[in-house]
file structure10.cif (mmCIF, C-alpha atoms)
data_work
#
loop_
_atom_site.label_atom_id
_atom_site.label_comp_id
_atom_site.auth_asym_id
_atom_site.auth_seq_id
_atom_site.Cartn_x
_atom_site.Cartn_y
_atom_site.Cartn_z
CA MET H 156 68.98 117.31 105.07
CA ALA H 157 71.70 116.51 107.60
CA LEU H 158 75.25 115.47 106.86
CA ASP H 159 75.48 111.75 106.24
CA ALA H 160 77.36 109.72 108.84
CA SER H 161 80.60 109.18 106.90
CA THR H 162 80.82 112.84 105.83
CA ASP H 163 80.18 114.03 109.39
CA ALA H 164 82.92 111.74 110.67
CA LEU H 165 85.39 112.96 108.06
CA LEU H 166 84.73 116.63 108.80
CA LYS H 167 85.15 116.04 112.54
CA ASN H 168 88.42 114.22 111.88
CA LEU H 169 89.74 117.04 109.70
CA ALA H 170 88.68 119.66 112.26
CA ALA H 171 90.45 117.76 115.05
CA GLN H 172 93.71 117.95 113.11
CA ASN H 173 93.43 121.75 113.25
CA GLY H 174 95.59 122.25 110.17
CA PRO H 175 95.65 125.42 108.07
CA ALA H 176 93.02 125.97 105.38
CA ILE H 177 93.99 126.04 101.72
CA HIS H 178 93.87 129.84 101.60
CA GLN H 179 96.37 129.99 104.46
CA MET H 180 99.00 127.97 102.56
CA ASP H 181 101.47 128.83 99.85
CA VAL H 182 100.93 127.11 96.52
CA PRO H 183 103.56 124.32 96.84
CA THR H 184 102.28 123.42 100.30
CA ALA H 185 98.65 123.39 99.14
CA ARG H 186 99.54 121.07 96.28
CA ALA H 187 101.38 118.68 98.58
CA VAL H 188 98.65 118.68 101.25
CA PHE H 189 95.91 118.04 98.69
CA GLY H 190 97.88 115.16 97.22
CA GLN H 191 98.37 113.65 100.68
CA LEU H 192 94.69 114.05 101.54
CA VAL H 193 93.52 112.30 98.38
CA ALA H 194 96.06 109.51 98.83
CA ALA H 195 94.75 108.92 102.35
CA LEU H 196 91.05 108.97 101.44
CA GLN H 197 90.78 107.53 97.91
CA GLY H 198 90.75 103.89 98.99
CA GLU H 199 92.63 101.04 97.35
CA GLN H 200 94.08 101.69 93.92
CA GLN H 201 91.88 100.28 91.18
CA PRO H 202 93.61 97.79 88.86
CA ILE H 203 93.69 98.77 85.19
CA HIS H 204 94.52 96.81 82.04
CA ARG H 205 96.92 99.51 80.85
CA SER H 206 97.85 103.12 81.58
CA GLU H 207 100.28 105.10 79.46
CA ASP H 208 101.84 108.52 79.99
CA ARG H 209 102.66 110.53 76.89
CA THR H 210 102.70 114.08 75.57
CA ILE H 211 100.73 115.69 72.78
CA PRO H 212 101.10 119.04 70.99
CA GLY H 213 99.53 122.01 72.76
CA PRO H 214 99.09 125.73 72.16
CA ASN H 215 102.25 126.53 74.13
CA GLY H 216 104.33 123.38 74.13
CA GLU H 217 103.64 119.76 74.94
CA ILE H 218 100.68 118.71 77.10
CA PRO H 219 101.17 115.62 79.30
CA ILE H 220 98.30 113.14 79.21
CA ARG H 221 97.62 109.72 80.70
CA ILE H 222 95.64 107.17 78.71
CA TYR H 223 93.72 104.44 80.56
CA THR H 224 92.59 101.32 78.69
CA PRO H 225 90.21 99.07 80.65
CA ARG H 226 90.58 95.83 78.71
CA ASP H 227 91.85 94.10 75.61
CA THR H 228 89.23 95.00 73.02
CA GLY H 229 90.49 92.77 70.25
CA GLY H 230 90.63 95.72 67.89
CA ALA H 231 87.16 97.09 68.72
CA LYS H 232 86.90 100.81 69.50
CA LEU H 233 85.65 101.97 72.90
CA PRO H 234 84.02 105.26 73.86
CA VAL H 235 86.50 107.86 75.13
CA LEU H 236 86.22 110.12 78.18
CA VAL H 237 88.51 113.17 78.36
CA GLN H 238 89.08 114.09 82.01
CA PHE H 239 90.15 117.42 83.53
CA HIS H 240 91.15 117.19 87.18
CA GLY H 241 89.86 119.48 89.89
CA GLY H 242 91.83 121.60 92.31
CA GLY H 243 90.84 125.20 91.69
CA TRP H 244 93.06 125.59 88.59
CA VAL H 245 96.01 125.72 91.04
CA ILE H 246 96.37 122.31 92.73
CA GLY H 247 95.66 118.74 91.63
CA ASP H 248 97.38 116.70 88.93
CA LEU H 249 97.34 113.35 87.19
CA GLU H 250 98.16 111.54 90.42
CA THR H 251 95.38 113.08 92.56
CA HIS H 252 92.81 111.85 90.05
CA ASP H 253 94.47 108.63 88.92
CA ASN H 254 92.13 106.36 90.87
CA MET H 255 89.03 108.23 89.67
CA CYS H 256 90.16 107.76 86.07
CA ARG H 257 90.85 104.08 86.61
CA TYR H 258 87.34 103.67 88.01
CA PHE H 259 85.67 105.47 85.11
CA ALA H 260 87.66 103.41 82.59
CA ASN H 261 86.83 100.09 84.22
CA GLU H 262 83.22 100.68 85.21
CA GLY H 263 82.31 102.91 82.26
CA ASP H 264 84.05 100.55 79.81
CA ALA H 265 85.77 103.47 78.10
CA ILE H 266 89.20 104.77 77.22
CA VAL H 267 89.96 107.64 79.63
CA VAL H 268 92.39 110.39 78.69
CA ALA H 269 93.44 112.54 81.67
CA VAL H 270 94.85 115.96 80.76
CA ASP H 271 97.67 117.51 82.78
CA TYR H 272 96.81 121.09 81.78
CA ARG H 273 98.92 124.08 82.84
CA LEU H 274 98.21 125.35 86.35
CA ALA H 275 98.01 128.82 87.84
CA PRO H 276 99.71 130.90 89.13
CA GLU H 277 102.59 129.87 86.89
CA HIS H 278 100.21 129.92 83.92
CA LYS H 279 97.35 132.39 84.21
CA PHE H 280 93.89 132.07 82.67
CA PRO H 281 93.18 131.07 79.91
CA ALA H 282 96.25 128.82 79.64
CA GLY H 283 94.63 125.84 81.36
CA ILE H 284 91.40 125.89 79.38
CA GLU H 285 93.32 126.33 76.13
CA ASP H 286 95.23 123.14 76.95
CA CYS H 287 91.96 121.32 77.68
CA ILE H 288 90.42 122.41 74.37
CA ALA H 289 93.55 121.44 72.44
CA ALA H 290 93.80 118.07 74.15
CA THR H 291 90.17 117.26 73.41
CA GLU H 292 90.65 118.18 69.78
CA TRP H 293 93.70 115.90 69.69
CA VAL H 294 91.74 113.02 71.20
CA HIS H 295 88.98 113.47 68.64
CA ALA H 296 91.46 113.57 65.72
CA ASN H 297 93.54 110.65 67.00
CA ALA H 298 90.90 108.52 68.67
CA ALA H 299 91.45 105.44 66.54
CA SER H 300 95.17 105.38 67.41
CA ILE H 301 94.35 104.94 71.11
CA GLY H 302 91.57 102.40 70.59
CA ALA H 303 88.73 104.89 70.85
CA ASP H 304 85.69 105.87 68.80
CA ALA H 305 85.77 109.60 67.93
CA ASP H 306 81.98 109.59 67.58
CA LYS H 307 81.61 108.55 71.23
CA LEU H 308 83.60 111.27 72.97
CA ALA H 309 82.65 112.56 76.42
CA VAL H 310 84.24 115.10 78.74
CA THR H 311 84.30 115.22 82.52
CA GLY H 312 85.85 117.06 85.40
CA ASP H 313 85.28 117.90 89.04
CA SER H 314 85.10 121.44 90.45
CA ALA H 315 87.54 123.50 88.33
CA GLY H 316 87.70 120.50 86.01
CA GLY H 317 83.91 120.56 85.76
CA ASN H 318 84.15 124.21 84.78
CA MET H 319 86.57 123.31 82.00
CA ALA H 320 84.53 120.32 80.84
CA ALA H 321 81.51 122.62 80.46
CA VAL H 322 83.59 125.16 78.51
CA VAL H 323 85.09 122.47 76.26
CA ALA H 324 81.60 121.13 75.54
CA GLN H 325 80.56 124.64 74.48
CA GLN H 326 83.66 125.24 72.37
CA LEU H 327 83.59 121.85 70.63
CA LYS H 328 79.87 121.32 70.12
CA GLU H 329 80.29 119.10 67.08
CA LYS H 330 82.84 116.79 68.72
CA VAL H 331 81.71 116.33 72.34
CA LYS H 332 78.71 113.99 72.68
CA LEU H 333 78.32 113.86 76.49
CA GLN H 334 79.41 115.95 79.47
CA LEU H 335 79.65 114.64 83.02
CA LEU H 336 79.94 117.68 85.30
CA ILE H 337 81.03 116.99 88.88
CA TYR H 338 80.18 119.81 91.32
CA PRO H 339 81.30 122.30 88.67
CA ALA H 340 82.30 125.92 89.24
CA THR H 341 80.16 127.67 86.63
CA ASP H 342 79.94 131.34 87.67
CA PHE H 343 82.70 133.75 88.73
CA SER H 344 80.21 136.58 89.20
CA ASP H 345 79.19 137.86 92.63
CA LYS H 346 75.64 136.60 92.20
CA PRO H 347 74.33 135.78 95.69
CA TYR H 348 73.84 132.03 95.43
CA PRO H 349 72.46 130.90 98.81
CA SER H 350 74.80 127.88 98.99
CA ARG H 351 77.84 130.17 98.83
CA GLU H 352 76.63 132.03 101.89
CA LYS H 353 75.34 129.02 103.80
CA PHE H 354 78.24 126.62 103.28
CA GLY H 355 81.20 128.86 102.49
CA ASN H 356 82.31 129.67 106.03
CA GLY H 357 84.94 126.93 106.28
CA GLU H 358 83.00 124.26 108.15
CA TYR H 359 82.34 122.14 105.06
CA PHE H 360 85.80 121.59 103.51
CA LEU H 361 85.68 124.30 100.79
CA SER H 362 85.25 127.91 101.90
CA GLY H 363 84.61 131.23 100.23
CA GLU H 364 88.12 132.31 101.25
CA ASP H 365 89.54 129.21 99.55
CA MET H 366 87.63 130.07 96.37
CA ALA H 367 88.94 133.65 96.48
CA TRP H 368 92.49 132.25 96.91
CA PHE H 369 92.08 130.08 93.83
CA GLY H 370 90.61 132.92 91.78
CA GLY H 371 93.36 135.31 92.87
CA HIS H 372 96.00 132.90 91.60
CA LEU H 373 94.11 132.15 88.39
CA THR H 374 94.17 135.66 86.94
CA ASP H 375 95.25 139.24 87.53
CA GLN H 376 92.21 140.39 85.55
CA PRO H 377 89.12 139.06 87.39
CA GLU H 378 86.75 140.55 84.83
CA SER H 379 88.12 138.11 82.22
CA LEU H 380 86.59 135.23 84.21
CA LEU H 381 83.08 136.63 83.75
CA GLU H 382 83.07 135.66 80.06
CA ALA H 383 81.89 132.23 78.96
CA LYS H 384 85.43 130.81 78.76
CA GLY H 385 85.72 131.39 82.51
CA SER H 386 82.07 131.28 83.60
CA PRO H 387 80.26 128.79 81.34
CA ILE H 388 76.88 129.91 82.70
CA ALA H 389 77.53 133.29 81.01
CA ALA H 390 77.24 131.80 77.51
CA ALA H 391 74.56 133.59 75.55
CA ASP H 392 73.33 130.46 73.77
CA LEU H 393 73.66 126.91 75.06
CA ALA H 394 71.56 125.26 72.37
CA GLY H 395 73.26 122.34 70.69
CA VAL H 396 75.82 121.47 73.35
CA ALA H 397 76.16 117.85 74.40
CA PRO H 398 73.71 116.17 76.77
CA ALA H 399 74.82 116.67 80.36
CA VAL H 400 74.78 114.85 83.66
CA THR H 401 75.54 117.20 86.55
CA ILE H 402 76.06 116.18 90.16
CA THR H 403 76.47 118.42 93.19
CA ALA H 404 76.87 118.08 96.95
CA GLY H 405 74.28 119.46 99.36
CA PHE H 406 76.83 121.07 101.72
CA ASP H 407 78.96 122.61 98.95
CA PRO H 408 79.24 126.38 98.32
CA LEU H 409 79.14 125.51 94.60
CA CYS H 410 75.88 123.53 94.83
CA ASP H 411 73.53 126.25 93.60
CA GLU H 412 75.60 127.36 90.63
CA GLY H 413 75.97 123.76 89.51
CA LYS H 414 72.21 123.33 89.58
CA ALA H 415 71.72 126.71 87.89
CA TYR H 416 73.91 125.59 85.00
CA ALA H 417 72.06 122.28 84.68
CA ASP H 418 68.82 124.28 84.57
CA ARG H 419 70.21 126.64 81.92
CA LEU H 420 71.11 123.67 79.76
CA ALA H 421 67.60 122.25 80.11
CA GLU H 422 66.05 125.61 79.26
CA ALA H 423 68.15 125.64 76.08
CA GLY H 424 66.71 122.28 75.05
CA VAL H 425 69.77 120.25 76.03
CA PRO H 426 69.09 116.87 77.68
CA SER H 427 70.22 117.70 81.21
CA GLU H 428 70.13 115.31 84.16
CA TYR H 429 70.82 116.65 87.63
CA LYS H 430 71.44 114.86 90.92
CA CYS H 431 72.39 116.35 94.28
CA PHE H 432 74.07 114.12 96.84
CA GLY H 433 72.45 116.01 99.66
CA GLY H 434 74.36 114.83 102.72
CA THR H 435 77.93 115.41 101.64
CA ILE H 436 80.59 118.00 100.75
CA HIS H 437 82.58 119.39 97.85
CA GLY H 438 85.22 116.96 96.60
CA PHE H 439 83.40 113.83 97.72
CA LEU H 440 84.21 111.81 94.59
CA SER H 441 87.91 112.06 95.48
CA PHE H 442 87.33 110.43 98.87
CA PRO H 443 85.57 107.10 98.21
CA GLY H 444 87.80 105.38 100.76
CA ALA H 445 86.12 107.45 103.48
CA LEU H 446 82.78 108.60 102.07
CA GLU H 447 79.88 106.40 101.10
CA ALA H 448 78.65 109.20 98.83
CA GLY H 449 81.98 109.08 97.00
CA ARG H 450 81.44 105.44 96.10
CA GLU H 451 77.83 106.09 95.12
CA GLY H 452 78.75 109.08 92.98
CA LEU H 453 81.46 107.23 91.08
CA ALA H 454 79.10 104.33 90.35
CA TYR H 455 76.32 106.71 89.28
CA LEU H 456 78.47 108.56 86.76
CA ALA H 457 80.17 105.44 85.41
CA GLY H 458 76.73 103.99 84.81
CA LYS H 459 75.64 107.13 82.94
CA LEU H 460 78.77 106.99 80.78
CA LYS H 461 78.31 103.33 79.94
CA SER H 462 74.60 103.61 79.14
CA ALA H 463 75.03 106.75 77.02
CA PHE H 464 77.22 104.92 74.52
CA ALA H 465 75.75 101.42 74.80
#

call {"tool": "encode", "arguments": {"input": "structure10.cif", "output": "C-alpha cells"}}
result
Amino acid sequence: MALDASTDALLKNLAAQNGPAIHQMDVPTARAVFGQLVAALQGEQQPIHRSEDRTIPGPNGEIPIRIYTPRDTGGAKLPVLVQFHGGGWVIGDLETHDNMCRYFANEGDAIVVAVDYRLAPEHKFPAGIEDCIAATEWVHANAASIGADADKLAVTGDSAGGNMAAVVAQQLKEKVKLQLLIYPATDFSDKPYPSREKFGNGEYFLSGEDMAWFGGHLTDQPESLLEAKGSPIAAADLAGVAPAVTITAGFDPLCDEGKAYADRLAEAGVPSEYKCFGGTIHGFLSFPGALEAGREGLAYLAGKLKSAFA
C-alpha cells in the first residue's frame, strides 16, 4: 500500500522544514517541539461539557489528572476511559492529548480521566507505569464520585501510552474491562520485526534512532524493560485480560509489534480486534487536523468504546 494523500503531503511538508529529529534534540526542546507540532495539526479544539484538573494520591506523591465529562447525565453513571498519553515516556503531557481526550469523551459518551504520569529522564522506569497503575486503581475506587461506573472501566493510550495501557490491563485484570491500544510499543527486545527495519530510517516521522533516544532516557538498565512491566508482549500468560482493540499504522516501525501483541491476546483466548490504517504513520491520531486517517481512527475507536458499554 502507498502512503495516503494527506500523509504524503504532511511528510513532504515536515521534510521541507529540515528541522532536527527528536533524537537530535535535548529533552526540553523535544517536549516543546512536540507540543507545537500537535497544536498545529490537531485541528479545532473540541468543545466539552466540563474538564477539571485535580491531583490524586500516587506511589511517590500526587499525580495530576484531568477529568472530562461529556454531558449532564442527571445523576446517571457513564463508562470511564483512563488515558495515558504518548510521547516515548519522555515527551507529551495533558495538553498534547487534550483534544484527543475531548473527542473520546464526546463521541464515546464516557468520562475520560487523563493521567499526567511522571516522565523520564527525571523519573526513570518504572515510575511512569506505577503512576498509571495507581491512577487506574484510584479511578476504579472513586468512580462514582466523578460520575462514572466502576464496572465499565476502559484504558487507552497511544505509543508509549499504549504500552502502559496494555501493562495496566495485565496488572488490573479484575478492574479493566476494555483496552484500546493505539500503535502501542509492546516489545523492547531486539526481535527483528520487519516494520522496524523497513520504516525506521527516519522517512516516516518516527525512526529507530528516535526510539533508542526514548529508551536511553527511560532507564539506565535496559534489561529491566524486557520484563512484562516494560514489554507487555513478554507476559507469560495473557488469559483473562480485558478485550482489546488495537490499531496500528502501515508505515510505522511499531506496526508489527502492535499486531504481534494483538495476535498474542487472541491466542490466549482474549477477544482481540485489530485494524491497520495502512497508508499512514506513527502518531496519526494526534494529527486529525492534517490527516484523514487521524479523523477516521478517532471515530473508529470512539465507536468501539461506545458500543462496548452500550

call {"tool": "residues_around", "arguments": {"input": "structure10.cif", "residues": "Ile337 in chain H", "least_positions_apart": "6", "cutoff": "9 Å", "atoms": "only C-alpha atoms", "output": "CSV table (one decimal) with C-alpha atoms, keeping the file's coordinate frame"}}
result
chain,number,residue,atom,x,y,z
H,311,THR,CA,84.3,115.2,82.5
H,312,GLY,CA,85.8,117.1,85.4
H,313,ASP,CA,85.3,117.9,89.0
H,314,SER,CA,85.1,121.4,90.4
H,316,GLY,CA,87.7,120.5,86.0
H,317,GLY,CA,83.9,120.6,85.8
H,318,ASN,CA,84.2,124.2,84.8
H,400,VAL,CA,74.8,114.8,83.7
H,401,THR,CA,75.5,117.2,86.6
H,402,ILE,CA,76.1,116.2,90.2
H,403,THR,CA,76.5,118.4,93.2
H,413,GLY,CA,76.0,123.8,89.5
H,438,GLY,CA,85.2,117.0,96.6
H,440,LEU,CA,84.2,111.8,94.6

call {"tool": "axis_aligned_box", "arguments": {"input": "structure10.cif", "around": "range 421-437 of chain H", "padding_each_side": "6 Å", "output": "lines of an AutoDock Vina configuration file"}}
result
center_x = 74.3
center_y = 119.9
center_z = 88.9
size_x = 28.5
size_y = 23.5
size_z = 39.7

call {"tool": "closest_residue", "arguments": {"input": "structure10.cif", "among": "H:Leu249, H:Ala282, H:Val331, H:Ala305", "to": "Arg221 in chain H", "atoms": "all atoms listed in the file"}}
result
H:Leu249

call {"tool": "resolve_selection", "arguments": {"input": "structure10.cif", "expression": "the PyMOL selection byres ((chain H and resi 179-192) around 12)", "output": "MDAnalysis selection string"}}
result
chainID H and resid 165 169 174:178 193:198 241:253 274:277 357 360 362 364:369 371:373 438:439 441:445

call {"tool": "residues_around", "arguments": {"input": "structure10.cif", "residues": "range 307-309 of chain H", "least_positions_apart": "6", "cutoff": "10 Å", "atoms": "all atoms listed in the file", "output": "list in words"}}
result
Lys232, Leu233, Pro234, Val235, Leu236, Val237, Gln238, Ala265, Ile266, Val267, Thr291, Val294, His295, Ala298, Ala320, Ala324, Lys330, Val331, Lys332, Leu333, Gln334, Leu335, Ala397, Pro398, Ala399, Leu460, Ala463, Phe464 and Ala465 of chain H

call {"tool": "write_last_selection", "arguments": {"input": "structure10.cif", "atoms": "C-alpha atoms", "output": "JSON list (two decimals), in the frame of the given file"}}
result
[["chain", "number", "residue", "atom", "x", "y", "z"],
["H", 232, "LYS", "CA", 86.90, 100.81, 69.50],
["H", 233, "LEU", "CA", 85.65, 101.97, 72.90],
["H", 234, "PRO", "CA", 84.02, 105.26, 73.86],
["H", 235, "VAL", "CA", 86.50, 107.86, 75.13],
["H", 236, "LEU", "CA", 86.22, 110.12, 78.18],
["H", 237, "VAL", "CA", 88.51, 113.17, 78.36],
["H", 238, "GLN", "CA", 89.08, 114.09, 82.01],
["H", 265, "ALA", "CA", 85.77, 103.47, 78.10],
["H", 266, "ILE", "CA", 89.20, 104.77, 77.22],
["H", 267, "VAL", "CA", 89.96, 107.64, 79.63],
["H", 291, "THR", "CA", 90.17, 117.26, 73.41],
["H", 294, "VAL", "CA", 91.74, 113.02, 71.20],
["H", 295, "HIS", "CA", 88.98, 113.47, 68.64],
["H", 298, "ALA", "CA", 90.90, 108.52, 68.67],
["H", 320, "ALA", "CA", 84.53, 120.32, 80.84],
["H", 324, "ALA", "CA", 81.60, 121.13, 75.54],
["H", 330, "LYS", "CA", 82.84, 116.79, 68.72],
["H", 331, "VAL", "CA", 81.71, 116.33, 72.34],
["H", 332, "LYS", "CA", 78.71, 113.99, 72.68],
["H", 333, "LEU", "CA", 78.32, 113.86, 76.49],
["H", 334, "GLN", "CA", 79.41, 115.95, 79.47],
["H", 335, "LEU", "CA", 79.65, 114.64, 83.02],
["H", 397, "ALA", "CA", 76.16, 117.85, 74.40],
["H", 398, "PRO", "CA", 73.71, 116.17, 76.77],
["H", 399, "ALA", "CA", 74.82, 116.67, 80.36],
["H", 460, "LEU", "CA", 78.77, 106.99, 80.78],
["H", 463, "ALA", "CA", 75.03, 106.75, 77.02],
["H", 464, "PHE", "CA", 77.22, 104.92, 74.52],
["H", 465, "ALA", "CA", 75.75, 101.42, 74.80]]

call {"tool": "residues_around", "arguments": {"input": "structure10.cif", "residues": "range 379-381 of chain H", "least_positions_apart": "3", "cutoff": "10 Å", "atoms": "all atoms listed in the file", "output": "VMD selection string"}}
result
chain H and resid 280 to 281 341 to 345 370 373 to 376 384 to 390

call {"tool": "resolve_selection", "arguments": {"input": "structure10.cif", "expression": "the PyMOL selection byres ((chain H and resi 349-354) around 8)", "output": "JSON, numbers by chain"}}
result
{"H": [347, 348, 355, 356, 357, 358, 359, 362, 363, 406, 407, 408, 409, 410, 411]}

call {"tool": "resolve_selection", "arguments": {"input": "structure10.cif", "expression": "the PyMOL selection byres ((chain H and resi 451-455) around 8)", "output": "ChimeraX atom specification"}}
result
/H:255,258-259,262,432,440,447-450,456-459

call {"tool": "write_last_selection", "arguments": {"input": "structure10.cif", "atoms": "C-alpha atoms", "output": "short mmCIF file (atom, residue, chain, number, x, y, z; two decimals), in the frame of the given file"}}
result
data_model
loop_
_atom_site.label_atom_id
_atom_site.label_comp_id
_atom_site.auth_asym_id
_atom_site.auth_seq_id
_atom_site.Cartn_x
_atom_site.Cartn_y
_atom_site.Cartn_z
CA MET H 255 89.03 108.23 89.67
CA TYR H 258 87.34 103.67 88.01
CA PHE H 259 85.67 105.47 85.11
CA GLU H 262 83.22 100.68 85.21
CA PHE H 432 74.07 114.12 96.84
CA LEU H 440 84.21 111.81 94.59
CA GLU H 447 79.88 106.40 101.10
CA ALA H 448 78.65 109.20 98.83
CA GLY H 449 81.98 109.08 97.00
CA ARG H 450 81.44 105.44 96.10
CA LEU H 456 78.47 108.56 86.76
CA ALA H 457 80.17 105.44 85.41
CA GLY H 458 76.73 103.99 84.81
CA LYS H 459 75.64 107.13 82.94
#

call {"tool": "residues_near_point", "arguments": {"input": "structure10.cif", "point": "(80.4, 114.2, 104.0)", "cutoff": "6 Å", "atoms": "all atoms listed in the file", "output": "PDB file with C-alpha atoms, keeping the file's coordinate frame"}}
result
ATOM      1  CA  ASP H 159      75.480 111.750 106.240  1.00  0.00           C
ATOM      2  CA  SER H 161      80.600 109.180 106.900  1.00  0.00           C
ATOM      3  CA  THR H 162      80.820 112.840 105.830  1.00  0.00           C
ATOM      4  CA  ASP H 163      80.180 114.030 109.390  1.00  0.00           C
ATOM      5  CA  THR H 435      77.930 115.410 101.640  1.00  0.00           C
ATOM      6  CA  ILE H 436      80.590 118.000 100.750  1.00  0.00           C
TER       7      ILE H 436
END

call {"tool": "atom_distance", "arguments": {"input": "structure10.cif", "atom1": "CA of Lys167 in chain H", "atom2": "CA of His240 in chain H"}}
result
26.1 Å

call {"tool": "atom_distance", "arguments": {"input": "structure10.cif", "atom1": "CA of Glu207 in chain H", "atom2": "CA of Lys279 in chain H"}}
result
27.9 Å

call {"tool": "atom_distance", "arguments": {"input": "structure10.cif", "atom1": "CA of Leu327 in chain H", "atom2": "CA of Gly283 in chain H"}}
result
15.9 Å

call {"tool": "closest_residue", "arguments": {"input": "structure10.cif", "among": "H:Lys461, H:Tyr338, H:Ile211, H:Glu329", "to": "Gly263 in chain H", "atoms": "all atoms listed in the file"}}
result
H:Lys461

call {"tool": "closest_residue", "arguments": {"input": "structure10.cif", "among": "H:His278, H:His437, H:Lys346, H:Arg209", "to": "Ala415 in chain H", "atoms": "all atoms listed in the file"}}
result
H:Lys346

call {"tool": "residues_around", "arguments": {"input": "structure10.cif", "residues": "Gly424 in chain H", "least_positions_apart": "5", "cutoff": "10 Å", "atoms": "all atoms listed in the file", "output": "mmCIF file with C-alpha atoms, in the coordinates of the input"}}
result
data_model
loop_
_atom_site.group_PDB
_atom_site.id
_atom_site.type_symbol
_atom_site.label_atom_id
_atom_site.label_comp_id
_atom_site.auth_asym_id
_atom_site.auth_seq_id
_atom_site.Cartn_x
_atom_site.Cartn_y
_atom_site.Cartn_z
ATOM 1 C CA LEU H 393 73.660 126.910 75.060
ATOM 2 C CA ALA H 394 71.560 125.260 72.370
ATOM 3 C CA GLY H 395 73.260 122.340 70.690
ATOM 4 C CA VAL H 396 75.820 121.470 73.350
ATOM 5 C CA PRO H 398 73.710 116.170 76.770
ATOM 6 C CA ASP H 418 68.820 124.280 84.570
ATOM 7 C CA ARG H 419 70.210 126.640 81.920
#

call {"tool": "closest_residue", "arguments": {"input": "structure10.cif", "among": "H:Pro214, H:Gly434, H:Gln172, H:Leu420", "to": "Leu446 in chain H", "atoms": "all atoms listed in the file"}}
result
H:Gly434

call {"tool": "build_atoms", "arguments": {"input": "structure10.cif", "residues": "range 257-271 of chain H", "atoms": "N, CA and C atoms", "output": "PDB file, in the coordinates of the input"}}
result
ATOM      1  N   ARG H 257      90.855 105.540  86.705  1.00  0.00           N
ATOM      2  CA  ARG H 257      90.850 104.080  86.610  1.00  0.00           C
ATOM      3  C   ARG H 257      89.424 103.539  86.800  1.00  0.00           C
ATOM      4  N   TYR H 258      88.712 104.106  87.756  1.00  0.00           N
ATOM      5  CA  TYR H 258      87.340 103.670  88.010  1.00  0.00           C
ATOM      6  C   TYR H 258      86.453 103.931  86.799  1.00  0.00           C
ATOM      7  N   PHE H 259      86.518 105.139  86.254  1.00  0.00           N
ATOM      8  CA  PHE H 259      85.670 105.470  85.110  1.00  0.00           C
ATOM      9  C   PHE H 259      86.000 104.596  83.893  1.00  0.00           C
ATOM     10  N   ALA H 260      87.279 104.286  83.698  1.00  0.00           N
ATOM     11  CA  ALA H 260      87.660 103.410  82.590  1.00  0.00           C
ATOM     12  C   ALA H 260      87.077 102.016  82.783  1.00  0.00           C
ATOM     13  N   ASN H 261      87.282 101.464  83.966  1.00  0.00           N
ATOM     14  CA  ASN H 261      86.830 100.090  84.220  1.00  0.00           C
ATOM     15  C   ASN H 261      85.314  99.973  84.237  1.00  0.00           C
ATOM     16  N   GLU H 262      84.654 100.811  85.011  1.00  0.00           N
ATOM     17  CA  GLU H 262      83.220 100.680  85.210  1.00  0.00           C
ATOM     18  C   GLU H 262      82.404 101.333  84.092  1.00  0.00           C
ATOM     19  N   GLY H 263      82.987 102.293  83.401  1.00  0.00           N
ATOM     20  CA  GLY H 263      82.310 102.910  82.260  1.00  0.00           C
ATOM     21  C   GLY H 263      82.640 102.235  80.944  1.00  0.00           C
ATOM     22  N   ASP H 264      83.580 101.280  80.989  1.00  0.00           N
ATOM     23  CA  ASP H 264      84.050 100.550  79.810  1.00  0.00           C
ATOM     24  C   ASP H 264      84.432 101.530  78.690  1.00  0.00           C
ATOM     25  N   ALA H 265      85.364 102.426  79.033  1.00  0.00           N
ATOM     26  CA  ALA H 265      85.770 103.470  78.100  1.00  0.00           C
ATOM     27  C   ALA H 265      87.272 103.724  78.234  1.00  0.00           C
ATOM     28  N   ILE H 266      87.868 104.194  77.150  1.00  0.00           N
ATOM     29  CA  ILE H 266      89.200 104.770  77.220  1.00  0.00           C
ATOM     30  C   ILE H 266      89.069 106.089  77.982  1.00  0.00           C
ATOM     31  N   VAL H 267      89.937 106.355  78.928  1.00  0.00           N
ATOM     32  CA  VAL H 267      89.960 107.640  79.630  1.00  0.00           C
ATOM     33  C   VAL H 267      91.287 108.332  79.325  1.00  0.00           C
ATOM     34  N   VAL H 268      91.203 109.586  78.940  1.00  0.00           N
ATOM     35  CA  VAL H 268      92.390 110.390  78.690  1.00  0.00           C
ATOM     36  C   VAL H 268      92.404 111.543  79.691  1.00  0.00           C
ATOM     37  N   ALA H 269      93.313 111.486  80.661  1.00  0.00           N
ATOM     38  CA  ALA H 269      93.440 112.540  81.670  1.00  0.00           C
ATOM     39  C   ALA H 269      94.426 113.584  81.167  1.00  0.00           C
ATOM     40  N   VAL H 270      94.070 114.848  81.316  1.00  0.00           N
ATOM     41  CA  VAL H 270      94.850 115.960  80.760  1.00  0.00           C
ATOM     42  C   VAL H 270      95.556 116.712  81.881  1.00  0.00           C
ATOM     43  N   ASP H 271      96.866 116.786  81.790  1.00  0.00           N
ATOM     44  CA  ASP H 271      97.670 117.510  82.780  1.00  0.00           C
ATOM     45  C   ASP H 271      97.877 118.948  82.288  1.00  0.00           C
TER      46      ASP H 271
END
